[in-house]
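Student: See target24.tsv below, with TSV, C-alpha atoms.
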```tsv
chain	number	residue	atom	x	y	z
I	1	MET	CA	5.54	-30.76	-76.07
I	2	ILE	CA	4.28	-27.24	-75.59
I	3	ASP	CA	1.47	-28.41	-73.33
I	4	PHE	CA	3.92	-30.36	-71.18
I	5	THR	CA	6.17	-27.33	-70.86
I	6	SER	CA	3.23	-25.15	-69.85
I	7	PHE	CA	2.09	-27.74	-67.30
I	8	THR	CA	5.61	-27.92	-65.83
I	9	THR	CA	5.74	-24.14	-65.61
I	10	ILE	CA	2.38	-24.03	-63.82
I	11	VAL	CA	3.49	-26.70	-61.39
I	12	ILE	CA	6.69	-24.82	-60.63
I	13	ILE	CA	4.76	-21.60	-60.07
I	14	ILE	CA	2.36	-23.40	-57.73
I	15	VAL	CA	5.24	-24.94	-55.77
I	16	VAL	CA	7.01	-21.60	-55.49
I	17	LEU	CA	3.81	-19.90	-54.30
I	18	TYR	CA	3.24	-22.69	-51.79
I	19	LEU	CA	6.77	-22.34	-50.45
I	20	LEU	CA	6.41	-18.58	-50.25
I	21	SER	CA	3.11	-18.94	-48.36
I	22	SER	CA	4.80	-21.40	-45.99
I	23	ILE	CA	7.32	-18.79	-44.89
I	24	LYS	CA	6.35	-17.19	-41.61
I	25	ILE	CA	8.21	-14.42	-39.81
I	26	LEU	CA	7.98	-14.29	-36.03
I	27	LYS	CA	8.97	-11.22	-34.08
I	28	GLU	CA	11.51	-11.33	-31.26
I	29	TYR	CA	8.80	-11.52	-28.58
I	30	GLU	CA	6.73	-14.16	-30.44
I	31	ARG	CA	6.89	-17.93	-30.47
I	32	GLY	CA	5.06	-20.30	-32.78
I	33	VAL	CA	3.47	-23.44	-31.37
I	34	ILE	CA	3.28	-25.96	-34.24
I	35	PHE	CA	0.74	-28.77	-34.57
I	36	ARG	CA	1.81	-31.27	-37.24
I	37	LEU	CA	-1.05	-33.53	-38.25
I	38	GLY	CA	-2.65	-32.64	-34.94
I	39	ARG	CA	0.35	-33.57	-32.83
I	40	LEU	CA	2.28	-30.97	-30.87
I	41	LEU	CA	5.92	-30.51	-31.80
I	42	ALA	CA	8.44	-30.79	-29.00
I	43	GLN	CA	9.69	-27.20	-29.18
I	44	PRO	CA	8.05	-23.94	-30.22
I	45	LYS	CA	9.61	-22.15	-33.17
I	46	GLY	CA	10.90	-18.63	-33.55
I	47	PRO	CA	11.86	-15.90	-33.58
I	48	GLY	CA	12.82	-15.20	-37.17
I	49	ILE	CA	11.90	-17.06	-40.36
I	50	ILE	CA	10.18	-20.43	-40.01
I	51	LEU	CA	8.39	-22.76	-42.43
I	52	VAL	CA	4.82	-23.84	-41.80
I	53	PHE	CA	3.59	-26.35	-44.38
I	54	ALA	CA	-0.17	-25.99	-44.45
I	55	PRO	CA	-2.43	-27.91	-44.20
I	56	ILE	CA	-0.09	-30.40	-42.54
I	57	ASP	CA	1.10	-27.85	-40.02
I	58	ARG	CA	-0.94	-25.36	-38.02
I	59	ILE	CA	0.70	-22.52	-36.11
I	60	VAL	CA	-0.49	-20.68	-33.00
I	61	ARG	CA	1.33	-17.46	-32.26
I	62	VAL	CA	1.99	-16.69	-28.60
I	63	SER	CA	3.40	-13.40	-27.27
I	64	LEU	CA	6.03	-13.53	-24.51
I	65	ARG	CA	5.68	-9.88	-23.51
I	66	VAL	CA	4.34	-8.79	-20.14
I	67	ASP	CA	0.60	-8.31	-20.44
I	68	THR	CA	-1.69	-6.21	-18.26
I	69	LEU	CA	-5.07	-7.41	-17.08
I	70	GLU	CA	-7.45	-5.16	-15.19
I	71	VAL	CA	-9.70	-6.96	-12.74
I	72	PRO	CA	-13.19	-5.37	-12.69
I	73	ALA	CA	-14.47	-3.94	-9.42
I	74	GLN	CA	-15.52	-6.74	-7.08
I	75	ASP	CA	-17.96	-6.52	-4.17
I	76	VAL	CA	-16.00	-7.78	-1.18
I	77	ILE	CA	-17.27	-8.31	2.38
I	78	THR	CA	-14.34	-8.04	4.78
I	79	ARG	CA	-13.96	-10.10	7.93
I	80	ASP	CA	-15.47	-7.29	10.03
I	81	ASN	CA	-18.59	-7.25	7.77
I	82	VAL	CA	-17.81	-4.11	5.78
I	83	THR	CA	-18.85	-4.07	2.11
I	84	VAL	CA	-16.31	-2.49	-0.25
I	85	LYS	CA	-15.67	-2.38	-3.98
I	86	VAL	CA	-12.12	-3.34	-4.92
I	87	ASN	CA	-10.44	-3.50	-8.31
I	88	ALA	CA	-6.91	-4.55	-9.15
I	89	VAL	CA	-4.43	-4.84	-12.00
I	90	ILE	CA	-2.36	-7.93	-12.82
I	91	TYR	CA	0.92	-8.12	-14.70
I	92	PHE	CA	1.75	-11.51	-16.20
I	93	ARG	CA	3.61	-13.12	-19.09
I	94	VAL	CA	3.76	-16.47	-20.85
I	95	ILE	CA	6.93	-18.39	-20.08
I	96	GLU	CA	5.95	-21.75	-21.63
I	97	PRO	CA	4.05	-21.27	-24.93
I	98	ARG	CA	3.24	-24.99	-25.36
I	99	LEU	CA	1.44	-25.17	-22.02
I	100	ALA	CA	-0.39	-21.90	-22.62
I	101	VAL	CA	-1.88	-23.36	-25.80
I	102	VAL	CA	-2.44	-27.00	-24.81
I	103	GLU	CA	-3.34	-26.90	-21.09
I	104	VAL	CA	-5.98	-24.14	-21.22
I	105	ALA	CA	-8.42	-23.04	-23.90
I	106	ASN	CA	-7.90	-19.30	-23.35
I	107	PHE	CA	-5.26	-18.38	-20.80
I	108	LEU	CA	-6.27	-14.68	-20.81
I	109	TYR	CA	-9.88	-15.43	-19.88
I	110	ALA	CA	-8.87	-18.12	-17.40
I	111	THR	CA	-6.39	-15.80	-15.67
I	112	SER	CA	-9.00	-13.05	-15.50
I	113	GLN	CA	-11.62	-15.29	-13.88
I	114	LEU	CA	-9.08	-16.75	-11.46
I	115	ALA	CA	-7.98	-13.24	-10.46
I	116	GLN	CA	-11.55	-12.18	-9.70
I	117	THR	CA	-12.30	-15.16	-7.47
I	118	THR	CA	-8.93	-14.95	-5.71
I	119	LEU	CA	-9.38	-11.24	-5.08
I	120	ARG	CA	-12.75	-11.81	-3.40
I	121	SER	CA	-11.59	-14.77	-1.32
I	122	VAL	CA	-8.32	-13.25	-0.08
I	123	LEU	CA	-9.68	-9.80	0.73
I	124	GLY	CA	-12.69	-11.37	2.45
I	125	GLU	CA	-10.33	-12.87	5.04
I	126	VAL	CA	-8.93	-9.54	6.25
I	127	GLU	CA	-10.40	-6.61	8.13
I	128	LEU	CA	-10.95	-3.18	6.66
I	129	ASP	CA	-8.01	-1.64	8.53
I	130	GLN	CA	-5.68	-4.28	7.10
I	131	LEU	CA	-7.06	-3.73	3.62
I	132	LEU	CA	-6.34	-0.01	3.84
I	133	SER	CA	-3.00	-0.08	5.67
I	134	GLN	CA	-1.36	-3.38	4.64
I	135	ARG	CA	-1.99	-3.26	0.92
I	136	GLU	CA	1.57	-4.22	0.01
I	137	THR	CA	1.33	-7.45	2.02
I	138	LEU	CA	-1.98	-8.30	0.37
I	139	ASN	CA	-0.50	-7.65	-3.08
I	140	VAL	CA	2.30	-10.14	-2.40
I	141	ARG	CA	-0.17	-12.73	-1.14
I	142	LEU	CA	-2.42	-12.33	-4.19
I	143	GLN	CA	0.56	-12.61	-6.52
I	144	SER	CA	1.75	-15.79	-4.83
I	145	ILE	CA	-1.65	-17.49	-5.02
I	146	LEU	CA	-2.26	-16.54	-8.65
I	147	ASP	CA	1.23	-17.58	-9.70
I	148	GLN	CA	0.77	-20.96	-8.03
I	149	HIS	CA	-2.46	-21.63	-9.91
I	150	THR	CA	-1.32	-20.34	-13.32
I	151	ALA	CA	2.04	-22.14	-13.33
I	152	PRO	CA	0.53	-25.32	-14.92
I	153	TRP	CA	-0.69	-23.11	-17.78
I	154	GLY	CA	2.79	-21.78	-18.49
I	155	VAL	CA	1.83	-18.31	-17.23
I	156	LYS	CA	3.92	-16.34	-14.73
I	157	VAL	CA	2.15	-13.68	-12.65
I	158	THR	CA	4.83	-11.09	-11.96
I	159	MET	CA	2.89	-8.50	-9.94
I	160	VAL	CA	-0.56	-7.76	-8.53
I	161	GLU	CA	-1.65	-4.31	-7.39
I	162	VAL	CA	-4.89	-3.49	-5.58
I	163	LYS	CA	-5.67	-0.27	-7.40
I	164	GLN	CA	-8.71	1.25	-5.70
I	165	VAL	CA	-10.90	0.60	-2.66
I	166	ASP	CA	-14.33	2.27	-2.74
I	167	LEU	CA	-16.17	2.70	0.57
I	168	ALA	CA	-19.76	3.64	1.28
I	169	GLU	CA	-20.43	7.23	2.34
I	170	GLN	CA	-21.54	6.14	5.82
I	171	MET	CA	-18.34	4.16	6.30
I	172	ILE	CA	-16.21	7.13	5.21
I	173	ARG	CA	-17.88	9.32	7.83
I	174	ALA	CA	-17.43	6.62	10.47
I	175	ILE	CA	-13.73	6.31	9.66
I	176	ALA	CA	-13.37	10.11	9.85
I	177	ARG	CA	-14.99	10.17	13.29
I	178	GLN	CA	-12.76	7.33	14.44
I	179	ALA	CA	-9.64	9.12	13.22
I	180	GLU	CA	-10.74	12.35	14.95
I	181	ALA	CA	-11.36	10.51	18.22
I	182	GLU	CA	-7.95	8.86	17.95
I	183	ARG	CA	-6.25	12.24	17.44
I	184	GLU	CA	-8.07	13.68	20.46
I	185	ARG	CA	-6.99	10.72	22.57
I	186	ARG	CA	-3.37	11.19	21.57
I	187	ALA	CA	-3.59	14.94	22.28
I	188	LYS	CA	-4.93	14.31	25.78
I	189	ILE	CA	-2.21	11.75	26.47
I	190	ILE	CA	0.51	14.14	25.28
I	191	HIS	CA	-0.98	16.98	27.38
I	192	ALA	CA	-1.12	14.74	30.48
I	193	GLU	CA	2.48	13.62	29.94
I	194	GLY	CA	3.52	17.28	29.66
I	195	GLU	CA	1.73	18.15	32.90
I	196	TYR	CA	3.39	15.22	34.65
I	197	SER	CA	6.85	16.27	33.43
I	198	ALA	CA	6.21	19.87	34.47
I	199	ALA	CA	5.10	18.75	37.94
I	200	GLU	CA	8.27	16.69	38.34
I	201	LYS	CA	10.44	19.66	37.36
I	202	LEU	CA	8.56	21.98	39.71
I	203	ALA	CA	9.03	19.54	42.58
I	204	MET	CA	12.77	19.42	41.85
I	205	ALA	CA	12.90	23.23	41.74
I	206	ALA	CA	11.05	23.45	45.07
I	207	LYS	CA	13.62	21.18	46.68
I	208	VAL	CA	16.47	23.37	45.40
I	209	ILE	CA	14.78	26.58	46.63
I	210	GLN	CA	14.14	24.96	50.02
I	211	GLU	CA	17.83	24.19	50.37
I	212	GLN	CA	18.91	27.61	49.04
I	213	PRO	CA	16.34	30.31	49.98
I	214	VAL	CA	18.27	32.98	48.10
I	215	ALA	CA	17.29	31.23	44.87
I	216	ILE	CA	13.77	32.64	45.13
I	217	GLN	CA	15.21	36.16	45.22
I	218	LEU	CA	17.20	35.40	42.07
I	219	ARG	CA	14.01	34.22	40.38
I	220	TYR	CA	12.32	37.48	41.40
I	221	LEU	CA	15.12	39.47	39.82
I	222	GLN	CA	15.04	37.38	36.67
I	223	THR	CA	11.29	37.96	36.38
I	224	LEU	CA	11.85	41.71	36.69
I	225	VAL	CA	14.47	41.59	33.95
I	226	GLU	CA	12.07	39.71	31.65
I	227	ILE	CA	9.28	42.20	32.32
I	228	GLY	CA	11.62	45.17	31.87
I	229	THR	CA	12.61	44.09	28.37
I	230	GLU	CA	9.15	45.02	27.12
I	231	LYS	CA	8.26	48.67	26.65
I	232	ASN	CA	5.52	49.03	29.22
I	233	THR	CA	4.70	51.07	32.30
I	234	THR	CA	3.94	48.18	34.58
I	235	ILE	CA	6.03	48.05	37.73
I	236	VAL	CA	6.16	44.78	39.61
I	237	PHE	CA	7.54	44.71	43.11
I	238	PRO	CA	8.02	41.25	44.56
I	239	LEU	CA	6.84	40.90	48.13
I	240	PRO	CA	8.12	37.80	49.91
I	241	VAL	CA	5.52	35.69	51.63
I	242	ASP	CA	7.66	35.61	54.78
I	243	ILE	CA	7.08	39.35	55.31
I	244	LEU	CA	3.33	38.86	55.16
I	245	SER	CA	3.46	36.02	57.70
I	246	THR	CA	5.67	38.13	60.05
I	247	LEU	CA	3.32	41.09	59.73
I	248	ASP	CA	0.37	38.84	60.45
I	249	ARG	CA	1.96	37.60	63.68
I	250	ALA	CA	2.81	41.16	64.78
I	251	LEU	CA	-0.75	42.33	64.24
I	252	ALA	CA	-2.03	39.34	66.20
I	253	LYS	CA	0.16	40.28	69.19
I	254	VAL	CA	-1.01	43.88	69.10
I	255	ALA	CA	-4.62	42.79	69.01
I	256	GLU	CA	-4.25	40.64	72.16
I	257	PRO	CA	-5.82	42.30	75.29
I	258	ALA	CA	-3.45	43.48	78.00
I	259	GLN	CA	-3.06	41.12	80.99
I	260	PRO	CA	-4.21	42.62	84.37
I	261	VAL	CA	-1.52	43.27	86.92
I	262	ASN	CA	-1.98	41.43	90.29
I	263	GLN	CA	-1.94	43.73	93.33
```
I need this file expressed as structure tokens, please.

Tutor:
Amino acid sequence: MIDFTSFTTIVIIIVVLYLLSSIKILKEYERGVIFRLGRLLAQPKGPGIILVFAPIDRIVRVSLRVDTLEVPAQDVITRDNVTVKVNAVIYFRVIEPRLAVVEVANFLYATSQLAQTTLRSVLGEVELDQLLSQRETLNVRLQSILDQHTAPWGVKVTMVEVKQVDLAEQMIRAIARQAEAERERRAKIIHAEGEYSAAEKLAMAAKVIQEQPVAIQLRYLQTLVEIGTEKNTTIVFPLPVDILSTLDRALAKVAEPAQPVNQ
């Protein structure tokens, strides 16, 4: 009788320990994918307290939080045959735990390899200027392609960011020379446009002065006022060009020889 009681006690202790070991606690961001006798259950379990009866059941914990994956620097040859090193960062999360466990052996490794190949193929289709100036558009395109390929795995790619573009030293100098030449071209165009506008205004002013000759005298007086505002000893006396032309004609008449008088 004593042996039977001891055996019953041992059995009860073993059952209690087994039940206690079967209790699993999943955090709010975790889900448990359960395989019962090798077959996948219809729905993942969690969060909270769940029971996993080993060895009949086997649990795989899957996190639903947004994860960050850094893509190593890739050697990319752009469409205009420029070699650059580009790295990126990917933000993704698991939205279907069952697919992330069943459809792919390791969704982290698979997503990383897919991101590397997609980064090389997409950036190889654009020119260097587009890579440097249209990075936001390329980020959206990369995110769309990756999300399309990872959807069967139950993974949602939320954002892709091209983090850094490394150029060769020769290419940096070439880009600097190109930018300097572009700035010089713009400066010459702006200077030419200013000269053209000034010539138009001067032509309009000449027409006004031609219609109203007294306007030139007013400009003379205004120039004297502007010069007089400064503390200097310079005296400017405007001499109209008409006076010079009149004086020139008078001197020409004086220089003409006298005509002989006919007897």

Student: I want to know what sits within 7 Å of range 39-46 of chain I, based on all atoms listed in the file, with residues of the same chain fewer than 5 positions away left out; could you give that as an MDAnalysis selection string?

Tutor: chainID I and resid 26 30:34 98

Student: Tell me, as JSON, numbers by chain, which residues lie within 10 Å of Thr118 in chain I, counting only C-alpha atoms; anything in the same chain fewer than 3 positions away does not count.

Tutor: {"I": [112, 113, 114, 115, 121, 122, 123, 124, 142, 143, 145, 146]}

Student: My list of candidates is I:Thr223, I:Thr78, I:Ser197, I:Gln210. Which is closest to Gln130 in chain I when distances are computed with all atoms listed in the file?

Tutor: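 Ranking I:Thr223, I:Thr78, I:Ser197, I:Gln210 by distance to Gln130 in chain I, first place goes to I:Thr78.
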
Student: Excluding Arg36 in chain I and its own-chain neighbours fewer than 4 positions away, which residues fall within 9 Å of it when counting only C-alpha atoms? Please give them as a PyMOL selection string.

Tutor: chain I and resi 40-41+53+55-59

Student: My list of candidates is I:Ile216, I:Ile50, I:Ala199, I:Val140. Which is closest to Lys24 in chain I when distances are computed with all atoms listed in the file?

Tutor: I:Ile50

Student: Which neighbours of range 63-73 of chain I fall inside 12 Å, counting all atoms listed in the file, when residues of the same chain fewer than 4 positions from it are skipped, and could you give them as a ChimeraX atom specification?

Tutor: /I:26-33,44,46-47,84-98,100-101,107-120,154-166

Student: Provide the CA of Val11 in chain I to CA of Leu51 in chain I distance in Å, to one decimal place.

Tutor: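 Rounded to one decimal, the two atoms are 20.0 Å apart.
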
Student: Quick check, in Å to one decimal: how far apart do CA of His149 in chain I and CA of Asp129 in chain I lie?

Tutor: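 Taking CA of His149 in chain I and CA of Asp129 in chain I, their separation equals 27.8 Å.
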
Student: Using only C-alpha atoms, determine which residues lie at most 10 Å from Leu19 in chain I, disregarding the query and same-chain residues fewer than 2 positions distant; provide the list as a list in words.

Tutor: Ile13, Ile14, Val15, Val16, Leu17, Ser21, Ser22, Ile23, Leu51, Val52, Phe53 and Ala54 of chain I

Student: Work out how far apart CA of Ile172 in chain I and CA of Glu125 in chain I are and give it in Å to one decimal.

Tutor: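 CA of Glu125 in chain I lies 20.8 Å from CA of Ile172 in chain I.
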
Student: Have a look at I:Leu224, I:Ile12, I:Leu131, I:Val82 and name the one nearest to Ala174 in chain I; count all atoms listed in the file.

Tutor: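 Going through I:Leu224, I:Ile12, I:Leu131, I:Val82 one by one, the smallest distance to Ala174 in chain I is for I:Val82.
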
Student: Mind rebuilding range 42-53 of chain I with all heavy atoms and writing that out as an mmCIF file, keeping the file's coordinate frame?

Tutor:
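The new file selection.cif reads:
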```
data_model
loop_
_atom_site.group_PDB
_atom_site.id
_atom_site.type_symbol
_atom_site.label_atom_id
_atom_site.label_comp_id
_atom_site.auth_asym_id
_atom_site.auth_seq_id
_atom_site.Cartn_x
_atom_site.Cartn_y
_atom_site.Cartn_z
ATOM 1 N N ALA I 42 7.767 -30.807 -30.305
ATOM 2 C CA ALA I 42 8.440 -30.790 -29.000
ATOM 3 C C ALA I 42 8.822 -29.378 -28.573
ATOM 4 O O ALA I 42 8.744 -29.040 -27.391
ATOM 5 C CB ALA I 42 9.687 -31.674 -29.047
ATOM 6 N N GLN I 43 9.228 -28.544 -29.525
ATOM 7 C CA GLN I 43 9.690 -27.200 -29.180
ATOM 8 C C GLN I 43 8.962 -26.163 -30.023
ATOM 9 O O GLN I 43 8.711 -26.387 -31.218
ATOM 10 C CB GLN I 43 11.201 -27.071 -29.409
ATOM 11 C CG GLN I 43 12.040 -27.959 -28.513
ATOM 12 C CD GLN I 43 11.936 -27.566 -27.050
ATOM 13 O OE1 GLN I 43 11.705 -26.404 -26.731
ATOM 14 N NE2 GLN I 43 12.097 -28.541 -26.167
ATOM 15 N N PRO I 44 8.623 -25.028 -29.420
ATOM 16 C CA PRO I 44 8.050 -23.940 -30.220
ATOM 17 C C PRO I 44 9.116 -23.335 -31.121
ATOM 18 O O PRO I 44 10.314 -23.406 -30.835
ATOM 19 C CB PRO I 44 7.560 -22.949 -29.171
ATOM 20 C CG PRO I 44 8.404 -23.211 -27.968
ATOM 21 C CD PRO I 44 8.706 -24.677 -27.981
ATOM 22 N N LYS I 45 8.687 -22.720 -32.199
ATOM 23 C CA LYS I 45 9.610 -22.150 -33.170
ATOM 24 C C LYS I 45 9.619 -20.625 -33.066
ATOM 25 O O LYS I 45 8.674 -20.005 -32.611
ATOM 26 C CB LYS I 45 9.233 -22.573 -34.586
ATOM 27 C CG LYS I 45 9.386 -24.062 -34.825
ATOM 28 C CD LYS I 45 9.176 -24.408 -36.283
ATOM 29 C CE LYS I 45 9.405 -25.889 -36.531
ATOM 30 N NZ LYS I 45 9.242 -26.254 -37.962
ATOM 31 N N GLY I 46 10.754 -20.075 -33.541
ATOM 32 C CA GLY I 46 10.900 -18.630 -33.550
ATOM 33 C C GLY I 46 11.959 -18.179 -32.564
ATOM 34 O O GLY I 46 12.442 -18.980 -31.759
ATOM 35 N N PRO I 47 12.320 -16.908 -32.617
ATOM 36 C CA PRO I 47 11.860 -15.900 -33.580
ATOM 37 C C PRO I 47 12.614 -15.993 -34.903
ATOM 38 O O PRO I 47 13.572 -16.741 -35.017
ATOM 39 C CB PRO I 47 12.175 -14.588 -32.850
ATOM 40 C CG PRO I 47 13.385 -14.921 -32.036
ATOM 41 C CD PRO I 47 13.231 -16.342 -31.607
ATOM 42 N N GLY I 48 12.177 -15.196 -35.873
ATOM 43 C CA GLY I 48 12.820 -15.200 -37.170
ATOM 44 C C GLY I 48 11.941 -15.854 -38.219
ATOM 45 O O GLY I 48 10.715 -15.882 -38.120
ATOM 46 N N ILE I 49 12.601 -16.434 -39.244
ATOM 47 C CA ILE I 49 11.900 -17.060 -40.360
ATOM 48 C C ILE I 49 11.711 -18.544 -40.066
ATOM 49 O O ILE I 49 12.657 -19.245 -39.709
ATOM 50 C CB ILE I 49 12.671 -16.868 -41.674
ATOM 51 C CG1 ILE I 49 12.784 -15.365 -41.995
ATOM 52 C CG2 ILE I 49 11.985 -17.596 -42.821
ATOM 53 C CD1 ILE I 49 13.613 -15.065 -43.229
ATOM 54 N N ILE I 50 10.480 -19.009 -40.179
ATOM 55 C CA ILE I 50 10.180 -20.430 -40.010
ATOM 56 C C ILE I 50 9.319 -20.872 -41.189
ATOM 57 O O ILE I 50 8.752 -20.037 -41.917
ATOM 58 C CB ILE I 50 9.454 -20.706 -38.682
ATOM 59 C CG1 ILE I 50 8.089 -20.003 -38.657
ATOM 60 C CG2 ILE I 50 10.307 -20.272 -37.504
ATOM 61 C CD1 ILE I 50 7.236 -20.376 -37.458
ATOM 62 N N LEU I 51 9.211 -22.185 -41.370
ATOM 63 C CA LEU I 51 8.390 -22.760 -42.430
ATOM 64 C C LEU I 51 7.225 -23.512 -41.806
ATOM 65 O O LEU I 51 7.416 -24.362 -40.937
ATOM 66 C CB LEU I 51 9.213 -23.703 -43.305
ATOM 67 C CG LEU I 51 10.354 -23.052 -44.095
ATOM 68 C CD1 LEU I 51 11.135 -24.106 -44.862
ATOM 69 C CD2 LEU I 51 9.810 -22.008 -45.063
ATOM 70 N N VAL I 52 6.045 -23.179 -42.256
ATOM 71 C CA VAL I 52 4.820 -23.840 -41.800
ATOM 72 C C VAL I 52 4.127 -24.392 -43.044
ATOM 73 O O VAL I 52 3.590 -23.624 -43.855
ATOM 74 C CB VAL I 52 3.899 -22.879 -41.039
ATOM 75 C CG1 VAL I 52 2.640 -23.592 -40.583
ATOM 76 C CG2 VAL I 52 4.627 -22.278 -39.853
ATOM 77 N N PHE I 53 4.128 -25.707 -43.179
ATOM 78 C CA PHE I 53 3.590 -26.350 -44.380
ATOM 79 C C PHE I 53 2.115 -26.692 -44.154
ATOM 80 O O PHE I 53 1.775 -27.747 -43.614
ATOM 81 C CB PHE I 53 4.387 -27.614 -44.723
ATOM 82 C CG PHE I 53 5.843 -27.343 -44.974
ATOM 83 C CD1 PHE I 53 6.784 -27.646 -44.005
ATOM 84 C CD2 PHE I 53 6.267 -26.766 -46.161
ATOM 85 C CE1 PHE I 53 8.132 -27.399 -44.234
ATOM 86 C CE2 PHE I 53 7.609 -26.519 -46.392
ATOM 87 C CZ PHE I 53 8.544 -26.826 -45.422
#
```
